[in-house]
file my_file_28.cif (mmCIF, C-alpha atoms and all ligand atoms)
data_target
loop_
_atom_site.label_atom_id
_atom_site.label_comp_id
_atom_site.auth_asym_id
_atom_site.auth_seq_id
_atom_site.Cartn_x
_atom_site.Cartn_y
_atom_site.Cartn_z
CA LYS X 82 15.71 15.52 -26.92
CA GLU X 83 14.41 12.61 -29.02
CA GLN X 84 16.80 10.26 -27.23
CA TYR X 85 15.54 11.47 -23.84
CA LEU X 86 11.91 11.01 -24.90
CA SER X 87 12.54 7.50 -26.19
CA ILE X 88 14.18 6.56 -22.86
CA LEU X 89 11.22 8.06 -21.03
CA TRP X 90 8.75 6.23 -23.23
CA ALA X 91 10.57 2.93 -22.67
CA ARG X 92 10.45 3.52 -18.91
CA PHE X 93 6.70 4.20 -19.01
CA GLN X 94 6.24 1.04 -21.07
CA GLU X 95 8.05 -0.96 -18.37
CA LEU X 96 6.09 0.80 -15.61
CA ALA X 97 2.84 0.10 -17.44
CA CYS X 98 3.54 -3.65 -17.39
CA TYR X 99 4.04 -3.54 -13.63
CA VAL X 100 0.95 -1.34 -13.11
CA LEU X 101 -1.16 -3.66 -15.27
CA GLU X 102 -0.07 -6.78 -13.39
CA CYS X 103 -0.55 -5.09 -9.99
CA LEU X 104 -3.96 -3.61 -10.88
CA THR X 105 -5.15 -6.93 -12.29
CA LYS X 106 -4.01 -8.80 -9.20
CA TYR X 107 -4.82 -6.34 -6.38
CA GLY X 108 -6.84 -3.52 -7.97
CA ILE X 109 -4.29 -1.14 -6.45
CA CYS X 110 -0.75 -0.16 -7.54
CA ALA X 111 1.79 2.26 -6.05
CA ILE X 112 4.88 3.52 -7.90
CA ASP X 113 7.57 5.33 -5.91
CA LYS X 114 10.01 7.94 -7.24
CA PHE X 115 7.79 8.44 -10.28
CA LEU X 116 9.34 11.67 -11.58
CA GLY X 117 12.35 12.21 -9.31
CA GLU X 118 13.19 14.79 -6.65
CA ALA X 119 13.73 17.82 -8.90
CA THR X 120 10.52 17.50 -10.95
CA GLY X 121 8.50 16.61 -7.86
CA GLN X 122 9.85 19.74 -6.21
CA GLU X 123 8.83 21.88 -9.21
CA ILE X 124 5.31 20.43 -9.12
CA LEU X 125 5.04 21.10 -5.38
CA LYS X 126 6.15 24.71 -5.97
CA GLU X 127 3.34 25.23 -8.50
CA VAL X 128 0.80 23.69 -6.13
CA LEU X 129 1.92 26.00 -3.32
CA GLN X 130 1.57 28.96 -5.73
CA LEU X 131 -1.99 27.86 -6.56
CA ARG X 132 -2.74 27.68 -2.87
CA ALA X 133 -1.11 31.09 -2.23
CA ALA X 134 -3.20 32.54 -5.08
CA GLY X 135 -6.23 31.59 -3.00
CA ILE X 136 -7.98 29.75 -5.83
CA MET X 137 -8.46 26.54 -3.87
CA ARG X 138 -12.07 26.01 -2.83
CA GLN X 139 -13.60 23.80 -0.19
CA GLY X 140 -13.85 20.26 -1.60
CA GLN X 141 -16.30 19.04 1.00
CA LEU X 142 -17.81 20.71 4.02
CA VAL X 143 -18.45 18.35 6.90
CA HIS X 144 -20.55 19.12 9.93
CA GLY X 145 -18.29 19.83 12.86
CA PRO X 146 -19.20 18.80 16.41
CA SER X 147 -22.38 20.80 17.20
CA SER X 148 -20.55 22.31 20.18
CA SER X 149 -17.91 23.86 17.92
CA ARG X 150 -18.27 27.54 17.07
CA ASN X 151 -18.23 27.20 13.29
CA LYS X 152 -20.71 24.49 12.34
CA TYR X 153 -18.36 23.09 9.70
CA ILE X 154 -14.91 21.60 9.85
CA ARG X 155 -13.26 22.73 6.64
CA GLY X 156 -12.34 19.58 4.72
CA ASP X 157 -10.00 19.28 1.79
CA MET X 158 -9.46 22.35 -0.40
CA ILE X 159 -9.40 21.73 -4.15
CA THR X 160 -8.83 23.39 -7.50
CA TRP X 161 -8.91 21.96 -11.04
CA VAL X 162 -5.95 22.38 -13.40
CA ASP X 163 -5.96 21.75 -17.15
CA GLU X 164 -3.79 22.59 -20.16
CA SER X 165 -4.92 26.22 -20.05
CA GLU X 166 -3.73 26.89 -16.48
CA PRO X 167 -0.88 29.47 -16.53
CA GLN X 168 2.28 28.79 -14.45
CA ALA X 169 1.42 25.08 -14.22
CA GLU X 170 3.89 23.61 -16.73
CA ASN X 171 5.17 20.99 -14.30
CA ILE X 172 1.66 19.93 -13.23
CA GLN X 173 0.83 19.58 -16.93
CA TYR X 174 4.00 17.55 -17.43
CA LEU X 175 2.87 15.26 -14.57
CA ILE X 176 -0.52 14.79 -16.23
CA SER X 177 1.12 13.87 -19.54
CA CYS X 178 3.30 11.31 -17.72
CA MET X 179 0.24 9.84 -15.98
CA ASP X 180 -1.46 9.69 -19.41
CA ALA X 181 1.58 7.95 -20.94
CA VAL X 182 1.41 5.16 -18.34
CA VAL X 183 -2.38 4.81 -18.40
CA VAL X 184 -2.56 4.74 -22.21
CA GLN X 185 -0.12 1.84 -22.23
CA VAL X 186 -1.97 0.03 -19.42
CA ALA X 187 -5.29 0.56 -21.20
CA SER X 188 -3.92 -0.83 -24.47
CA LYS X 189 -3.28 -4.10 -22.62
CA LEU X 190 -6.63 -4.11 -20.75
CA GLU X 191 -9.10 -5.72 -23.15
CA ALA X 192 -12.02 -5.00 -20.83
CA TYR X 193 -11.44 -1.23 -20.93
CA THR X 194 -11.02 1.36 -23.65
CA ILE X 195 -9.71 4.33 -21.70
CA ASN X 196 -9.70 7.41 -23.88
CA GLU X 197 -10.77 10.25 -21.63
CA ARG X 198 -9.88 11.72 -18.25
CA THR X 199 -10.88 14.50 -15.89
CA LYS X 200 -8.75 17.60 -15.43
CA ALA X 201 -6.23 17.30 -12.60
CA MET X 202 -7.74 17.93 -9.18
CA VAL X 203 -5.18 19.55 -6.86
CA ALA X 204 -6.26 18.80 -3.28
CA CYS X 205 -4.90 20.19 -0.03
CA TYR X 206 -5.96 18.80 3.34
CA PRO X 207 -5.24 21.83 5.53
CA GLY X 208 -4.35 19.78 8.60
CA HIS X 209 -6.08 20.19 12.01
CA ARG X 210 -7.65 16.74 11.69
CA THR X 211 -9.21 17.24 8.24
CA LYS X 212 -10.00 13.84 6.67
CA TYR X 213 -12.12 12.19 3.99
CA VAL X 214 -14.73 9.78 5.24
CA ARG X 215 -14.91 6.26 3.80
CA HIS X 216 -16.29 6.42 0.27
CA VAL X 217 -16.18 4.97 -3.24
CA ASP X 218 -15.03 7.42 -5.92
CA ASN X 219 -17.43 6.03 -8.53
CA PRO X 220 -20.25 4.16 -6.77
CA ASN X 221 -22.83 4.48 -9.55
CA ARG X 222 -21.13 3.81 -12.89
CA ASP X 223 -20.40 7.44 -13.83
CA GLY X 224 -17.77 6.17 -16.28
CA ARG X 225 -14.65 6.68 -14.17
CA CYS X 226 -12.62 3.48 -13.99
CA ILE X 227 -9.11 4.31 -12.74
CA THR X 228 -8.20 6.79 -9.98
CA CYS X 229 -4.64 8.10 -10.30
CA ILE X 230 -3.18 10.08 -7.38
CA TYR X 231 0.25 11.77 -7.19
CA TYR X 232 1.44 12.72 -3.69
CA LEU X 233 3.65 15.72 -2.87
CA ASN X 234 4.39 15.41 0.86
CA LYS X 235 8.08 15.48 1.80
CA ASN X 236 9.25 13.50 4.84
CA TRP X 237 5.68 12.47 5.62
CA ASP X 238 5.45 10.49 8.86
CA VAL X 239 1.99 8.98 9.39
CA LYS X 240 2.60 8.58 13.13
CA GLN X 241 3.09 12.34 13.56
CA HIS X 242 1.16 13.70 10.56
CA GLY X 243 -1.73 11.20 10.10
CA GLY X 244 -3.26 11.45 6.64
CA LEU X 245 -2.96 7.74 5.84
CA LEU X 246 -5.02 6.54 2.86
CA ARG X 247 -6.74 3.27 3.79
CA ILE X 248 -8.27 1.17 0.99
CA TYR X 249 -10.58 -1.78 1.85
CA PRO X 250 -10.58 -3.97 -1.28
CA GLU X 251 -14.03 -5.56 -1.71
CA GLY X 252 -14.22 -9.20 -0.76
CA SER X 253 -10.87 -9.19 1.02
CA ASP X 254 -10.04 -8.85 4.71
CA GLN X 255 -6.80 -7.12 3.73
CA VAL X 256 -6.52 -3.33 4.11
CA ALA X 257 -4.07 -1.33 1.98
CA ASN X 258 -2.38 1.43 4.01
CA ILE X 259 -0.93 3.98 1.60
CA GLU X 260 1.31 6.74 2.96
CA PRO X 261 0.94 9.97 0.92
CA LYS X 262 4.70 10.10 0.23
CA PHE X 263 6.44 12.65 -1.99
CA ASP X 264 6.73 11.61 -5.68
CA ARG X 265 4.54 8.52 -5.13
CA LEU X 266 2.00 7.65 -7.84
CA LEU X 267 -1.03 5.51 -6.94
CA PHE X 268 -3.55 3.78 -9.18
CA PHE X 269 -6.72 2.00 -8.11
CA TRP X 270 -10.04 0.97 -9.65
CA SER X 271 -12.47 3.86 -8.97
CA ASP X 272 -15.57 1.69 -8.52
CA ARG X 273 -17.04 -0.22 -5.58
CA ARG X 274 -14.07 -2.60 -5.52
CA ASN X 275 -12.11 0.03 -3.59
CA PRO X 276 -13.88 1.78 -0.72
CA HIS X 277 -11.27 4.06 0.89
CA GLU X 278 -10.81 6.84 3.40
CA VAL X 279 -8.23 9.50 4.30
CA GLU X 280 -7.45 9.47 8.00
CA PRO X 281 -7.29 12.83 9.83
CA ALA X 282 -4.26 14.87 8.73
CA TYR X 283 -2.47 17.02 11.30
CA VAL X 284 -0.41 19.04 8.83
CA GLU X 285 -1.02 20.23 5.26
CA ARG X 286 -1.29 17.28 2.84
CA PHE X 287 -1.12 17.75 -0.92
CA ALA X 288 -2.16 15.40 -3.73
CA ILE X 289 -3.03 15.68 -7.42
CA THR X 290 -5.75 13.32 -8.70
CA VAL X 291 -6.87 12.42 -12.23
CA TRP X 292 -9.73 10.05 -12.98
CA TYR X 293 -9.65 8.06 -16.23
CA TYR X 294 -12.89 7.25 -18.05
CA ASP X 295 -13.75 3.95 -19.63
O1 LIG X 301 -5.88 11.87 -0.96
C1 LIG X 301 -6.01 10.63 -0.87
O2 LIG X 301 -5.12 9.87 -0.47
C2 LIG X 301 -7.33 10.00 -1.26
N1 LIG X 301 -8.28 11.00 -1.62
C3 LIG X 301 -9.53 10.62 -1.91
O3 LIG X 301 -9.92 9.47 -1.81
C4 LIG X 301 -10.47 11.61 -2.44
N2 LIG X 301 -11.48 11.13 -3.09
N3 LIG X 301 -12.42 11.93 -3.63
C5 LIG X 301 -12.35 13.30 -3.54
C6 LIG X 301 -13.36 14.10 -4.11
C7 LIG X 301 -13.28 15.49 -3.99
C8 LIG X 301 -12.23 16.10 -3.31
C9 LIG X 301 -11.22 15.31 -2.75
C10 LIG X 301 -11.28 13.89 -2.87
C11 LIG X 301 -10.27 13.01 -2.29
O4 LIG X 301 -9.26 13.44 -1.68
FE FE X 302 -11.48 8.96 -3.10
#

call {"tool": "encode", "arguments": {"input": "my_file_28.cif", "output": "structure tokens"}}
result
Amino acid sequence: KEQYLSILWARFQELACYVLECLTKYGICAIDKFLGEATGQEILKEVLQLRAAGIMRQGQLVHGPSSSRNKYIRGDMITWVDESEPQAENIQYLISCMDAVVVQVASKLEAYTINERTKAMVACYPGHRTKYVRHVDNPNRDGRCITCIYYLNKNWDVKQHGGLLRIYPEGSDQVANIEPKFDRLLFFWSDRRNPHEVEPAYVERFAITVWYYD
């Protein structure tokens, strides 16, 4: 067990160096195959159980076209998971892995002293063109400095399924197009440097987000 943990720790150390360099240079960093197929699958199973348990609530209600019957298009559905959540061992394991990487990145970032985070927000875009309009996660210095998102969507094809995350880094004419691929981990600065939007999703789209506080 110890041997396994020390290998894991060494891997997170290596990952943290890459994340630090990438964040410093671009303000955005994506890591693929973060936990591997089996663990990713276990996390997805727990998320589907949360959804089946009906505890996911509407994250944001947006006004539908006035012509439509129900005034609102249901946006993303969310629920918050923390250490006390039963039957969420794998989601909790994910959070501890995210923490392991961020703690090491933070130790190298003089400008930040990251020592707190939110609970994990499990979000499901139910499909039928649900999206998230262009926004900044932390526009008014609420303390959040890094957004960390883990995607759970197998065989996602943006052409068929939509749901692309588009980030418009401030002061650059480049746009980052991030596909919400299974077992992908994404980091980006939460403040005004990274306005972003989720394009309409045509099928269910799952993600788990944690925000780290400075
Ligand atoms: O899923 C993504 O790729 C990006 N997702 C977001 O930017 C995003 N940002 N802020 C939120 C606040 C409340 C509920 C959901 C969200 C949300 O999906
Ligand atoms: Fe966001």

call {"tool": "closest_atom_pairs", "arguments": {"input": "my_file_28.cif", "of": "chain X", "to": "ligand LIG 301 (chain X)", "cutoff": "9 Å", "atoms": "all atoms listed in the file", "output": "tab-separated table"}}
result
residue	atom	partner	partner_atom	distance
X:Gln139	CA	X:LIG301	C8	8.4
X:Gly140	CA	X:LIG301	C8	4.8
X:Gln141	CA	X:LIG301	C8	6.6
X:Gly156	CA	X:LIG301	C9	8.7
X:Asp157	CA	X:LIG301	C9	6.2
X:Met158	CA	X:LIG301	C8	7.4
X:Ile159	CA	X:LIG301	C8	6.4
X:Met202	CA	X:LIG301	C8	7.6
X:Val203	CA	X:LIG301	C9	8.4
X:Ala204	CA	X:LIG301	C9	6.1
X:Cys205	CA	X:LIG301	O4	8.2
X:Tyr206	CA	X:LIG301	O4	8.1
X:Lys212	CA	X:LIG301	O4	8.4
X:Tyr213	CA	X:LIG301	O4	6.5
X:Val214	CA	X:LIG301	O3	8.5
X:Arg215	CA	X:LIG301	O3	8.2
X:His216	CA	X:LIG301	O3	7.4
X:Val217	CA	X:LIG301	N2	7.7
X:Asp218	CA	X:LIG301	N3	5.7
X:Thr228	CA	X:LIG301	O3	8.8
X:Ile230	CA	X:LIG301	C1	7.1
X:Tyr231	CA	X:LIG301	O1	8.7
X:Tyr232	CA	X:LIG301	O2	7.8
X:Gly244	CA	X:LIG301	O2	7.5
X:Leu245	CA	X:LIG301	O2	7.0
X:Leu246	CA	X:LIG301	O2	4.7
X:Arg247	CA	X:LIG301	O2	8.0
X:Ile248	CA	X:LIG301	O3	8.9
X:Ile259	CA	X:LIG301	O2	7.5
X:Glu260	CA	X:LIG301	O2	7.9
X:Pro261	CA	X:LIG301	O2	6.2
X:Leu267	CA	X:LIG301	O2	8.8
X:Pro276	CA	X:LIG301	O3	8.7
X:His277	CA	X:LIG301	O3	6.2
X:Glu278	CA	X:LIG301	O3	5.9
X:Val279	CA	X:LIG301	C2	5.7
X:Glu280	CA	X:LIG301	O2	8.8
X:Arg286	CA	X:LIG301	O1	8.0
X:Phe287	CA	X:LIG301	O1	7.6
X:Ala288	CA	X:LIG301	O1	5.8
X:Ile289	CA	X:LIG301	O1	8.0
X:Thr290	CA	X:LIG301	C11	7.8

call {"tool": "atom_distance", "arguments": {"input": "my_file_28.cif", "atom1": "CA of Glu118 in chain X", "atom2": "CA of Arg198 in chain X"}}
result
26.0 Å

call {"tool": "closest_residue", "arguments": {"input": "my_file_28.cif", "among": "X:Leu96, X:Val184, X:Val284, X:Leu101", "to": "His242 in chain X", "atoms": "only C-alpha atoms"}}
result
X:Val284

call {"tool": "residues_around", "arguments": {"input": "my_file_28.cif", "residues": "Gln130 in chain X", "least_positions_apart": "3", "cutoff": "12 Å", "atoms": "all atoms listed in the file", "output": "ChimeraX atom specification"}}
result
/X:123-127,133-137,160,167-169,172,203

call {"tool": "atom_distance", "arguments": {"input": "my_file_28.cif", "atom1": "CA of Leu116 in chain X", "atom2": "CA of Glu170 in chain X"}}
result
14.1 Å

call {"tool": "closest_residue", "arguments": {"input": "my_file_28.cif", "among": "X:Arg132, X:Ser87, X:Asp272, X:Ser165", "to": "Glu285 in chain X", "atoms": "all atoms listed in the file"}}
result
X:Arg132

call {"tool": "atom_distance", "arguments": {"input": "my_file_28.cif", "atom1": "CA of Gly117 in chain X", "atom2": "CA of Leu86 in chain X"}}
result
15.6 Å

call {"tool": "closest_residue", "arguments": {"input": "my_file_28.cif", "among": "X:Tyr107, X:Phe263, X:Tyr249, X:Tyr283", "to": "ligand FE 302 (chain X)", "atoms": "all atoms listed in the file"}}
result
X:Tyr249

call {"tool": "closest_residue", "arguments": {"input": "my_file_28.cif", "among": "X:Gly252, X:Gly121, X:Pro207, X:Pro220", "to": "ligand FE 302 (chain X)", "atoms": "only C-alpha atoms and all ligand atoms"}}
result
X:Pro220

call {"tool": "closest_residue", "arguments": {"input": "my_file_28.cif", "among": "X:Thr105, X:Asn275, X:Gln94, X:Lys262", "to": "Asp238 in chain X", "atoms": "only C-alpha atoms"}}
result
X:Lys262

call {"tool": "residues_near_point", "arguments": {"input": "my_file_28.cif", "point": "(-3.3, 7.6, -15.3)", "cutoff": "9 Å", "atoms": "only C-alpha atoms", "output": "number ranges by chain"}}
result
X: 176-184, 186, 198, 227-230, 267-268, 291-293

call {"tool": "residues_around", "arguments": {"input": "my_file_28.cif", "residues": "Ala91 in chain X", "least_positions_apart": "6", "cutoff": "12 Å", "atoms": "all atoms listed in the file", "output": "NGL selection string"}}
result
:X and (84-85 or 97-98 or 181-182 or 185)
